[in-house]
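Encoded as structure tokens, the structure appears first; notes follow it.
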Amino acid sequence: MPDGEENDMVGFDDPPRDFAIAQQLPPRVIEHLRDGFAKFRDSPQTTVNQTTLQEYAPSEYTLSARAVEAVFVGLATDAEAEQISTGDRYADYTFRVSPQLAARTLDRQYVAALAIEEVTERSRESTPDVSLVATLPDGVTLSEGDAVGAISARARDLVLGASDTVRIANPYFDADQRIVDDLASLPQRGVNLRVLTRETEDPGDDLIDALNTLHEGLDREGRSRLEVRDLYEETDWGRHKLATHAKLAIVDETSCYVGSANLTKTNLSANFEFGIIVEGAPATRTAAVFDDVFTAADPVELPLLR
């Protein structure tokens, strides 16, 4: 906050009525937005839209449509922002708001975001929650069936619950699996999707269909949230040297599936496949390892051609 300005920071004795902003944005971004409005405290009203918010945000941070919508929800709820124009999405709306009320609302959201961040960090440091998942062949009945979930169902639940980033390491795909459609929906709703696979320079039809399914139907903003990379090398005499072989699904750096199953019909419905779903700090560390390998892999341009 600029020097000489009164600090209106409030505690939990005066909490926001809606935590949308705190749940969607990190504290430092909320702090920048607050300071942006604070510059106009002496003005009775100002207008705000997606462009305005981006100007207030840190220069290296791009506000997603979902984040903008969260800010508008918070301002409309706690700062009595008045809608003055609409658009195709809530993020395209323009509002009129008191800068002083907006700054005060963002103060409250900042405090809430700090609390959420602390609770999340404590959760990550606590003993991780581990559950077992499997694909079982027909005819197999488990003596402790309740102790093991289905890979296909649990993996879809993880993916559909994402709010920020999903990381997938997977060598082989079948485009007709429902989880592929689930993944394809993520970028369009503001979730980043990173896919690490293999052999895209000489792909089979299944890989082409699956990766193109992820790409098709996305608008320009959605495609900016989808990134596919290839980890595969051969020796000079044409033999396999290294490749993506891990099967991972990491959601928001807080949950991850680690197991044997590819995203294929056989692996998700017929084979004996096994894995675990882990919550907490191990998922965060898994995401860090994934990112290091992902950075070293080769970017893939979509759509793939036959």
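Order determines the names: the first chain of the structure tokens is A, the second B, and so forth; residues in each chain are numbered 1 upward, and ligands are numbered 1 upward as they are shown.
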
If you run DSSP on the backbone, which residues of region 67-182 of chain A are strand (DSSP E), as JSON, numbers by chain? {"A": [82, 83, 84, 85, 94, 95, 96, 97, 130, 131, 132, 133, 134, 135, 148, 149, 150, 165, 166, 167, 168, 169]}

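Taking only C-alpha atoms, the non-local environment of Leu160 (chain A) within 10 Å (same-chain residues fewer than 2 positions away omitted) comprises A:Arg154, A:Ala155, A:Arg156, A:Asp157, A:Leu158, A:Ala162, A:Ser163, A:Val166, A:Ile179, A:Asp182, A:Leu183, A:Ser185, A:Leu186, A:Val251.
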
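Comparing A:Arg189, A:His240, A:Arg178, A:Arg66 by their smallest distance to Ala210 (chain A), the closest is A:Arg178 (using only C-alpha atoms).
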
Please list as a short mmCIF file (atom, residue, chain, number, x, y, z; two decimals) with N, CA and C atoms, in the first residue's frame every residue within 8 Å of Leu207 (chain A), counting only C-alpha atoms and excluding residues in the same chain fewer than 2 positions away.
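And here is the file that came out, out.cif:
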```cif
data_model
loop_
_atom_site.label_atom_id
_atom_site.label_comp_id
_atom_site.auth_asym_id
_atom_site.auth_seq_id
_atom_site.Cartn_x
_atom_site.Cartn_y
_atom_site.Cartn_z
N TYR A 172 0.29 -43.85 -23.74
CA TYR A 172 -0.68 -44.32 -24.75
C TYR A 172 -2.10 -43.91 -24.37
N PHE A 173 -2.88 -43.54 -25.39
CA PHE A 173 -4.24 -43.07 -25.20
C PHE A 173 -5.20 -43.82 -26.13
N ASP A 174 -6.46 -43.87 -25.71
CA ASP A 174 -7.58 -44.17 -26.60
C ASP A 174 -8.51 -42.97 -26.55
N ALA A 175 -8.79 -42.39 -27.70
CA ALA A 175 -9.58 -41.16 -27.74
C ALA A 175 -11.00 -41.35 -27.25
N THR A 200 5.29 -38.59 -30.81
CA THR A 200 4.36 -37.78 -31.59
C THR A 200 4.89 -37.44 -32.98
N PRO A 203 3.21 -40.69 -34.98
CA PRO A 203 2.14 -41.15 -34.10
C PRO A 203 1.23 -42.18 -34.76
N GLY A 204 0.65 -43.03 -33.93
CA GLY A 204 -0.40 -43.91 -34.41
C GLY A 204 -1.73 -43.19 -34.40
N ASP A 205 -2.74 -43.81 -34.99
CA ASP A 205 -4.05 -43.17 -35.08
C ASP A 205 -4.64 -42.87 -33.71
N ASP A 209 -5.79 -39.15 -32.60
CA ASP A 209 -7.19 -38.86 -32.25
C ASP A 209 -7.29 -38.29 -30.83
N ALA A 210 -6.53 -38.85 -29.89
CA ALA A 210 -6.62 -38.39 -28.51
C ALA A 210 -6.09 -36.98 -28.35
N LEU A 211 -4.90 -36.70 -28.88
CA LEU A 211 -4.33 -35.36 -28.71
C LEU A 211 -5.12 -34.32 -29.48
#
```

Applying 12 Å and only C-alpha atoms, which residues near Thr51 (chain A) remain after dropping the ones on its own chain fewer than 3 positions away? List them as number ranges by chain. A: 47-48, 54-57, 62-65, 68, 91-95

Step one, run DSSP on the backbone; step two, keep only residues of region 25-155 of chain A assigned to alpha helix (DSSP H); then write them as a ChimeraX atom specification. /A:27-38,50-56,65-78,99-125,151-155

Residue with the minimum atom-to-atom distance to Leu231 (chain A), picked from A:Glu199, A:Glu60, A:Asp78, A:Asp176 with only C-alpha atoms counted, is A:Glu199

Can you measure CA of Gly222 (chain A) to CA of Arg194 (chain A) for me? One decimal in Å is fine. 12.5 Å

Find the residues around Thr284 (chain A) up to 9 Å (only C-alpha atoms counted), leave out those fewer than 3 positions away in its own chain, and share them as an NGL selection string. :A and (124 or 250 or 252-256 or 279-281 or 287-289)

With only C-alpha atoms as the counted atoms, please give the residues lying no more than 8 Å from Ile276 (chain A), apart from itself and same-chain residues fewer than 2 positions off, as a CSV table (one decimal) with C-alpha atoms, in the first residue's frame.
```
chain,number,residue,atom,x,y,z
A,130,VAL,CA,-3.1,-42.6,0.4
A,131,SER,CA,-5.8,-44.7,-1.2
A,132,LEU,CA,-5.5,-47.8,-3.4
A,133,VAL,CA,-7.0,-48.0,-6.9
A,257,TYR,CA,-2.5,-40.7,-9.2
A,258,VAL,CA,0.6,-42.9,-9.7
A,259,GLY,CA,0.1,-46.3,-11.2
A,274,PHE,CA,-2.7,-51.0,-9.9
A,278,VAL,CA,-1.9,-39.5,-2.8
```
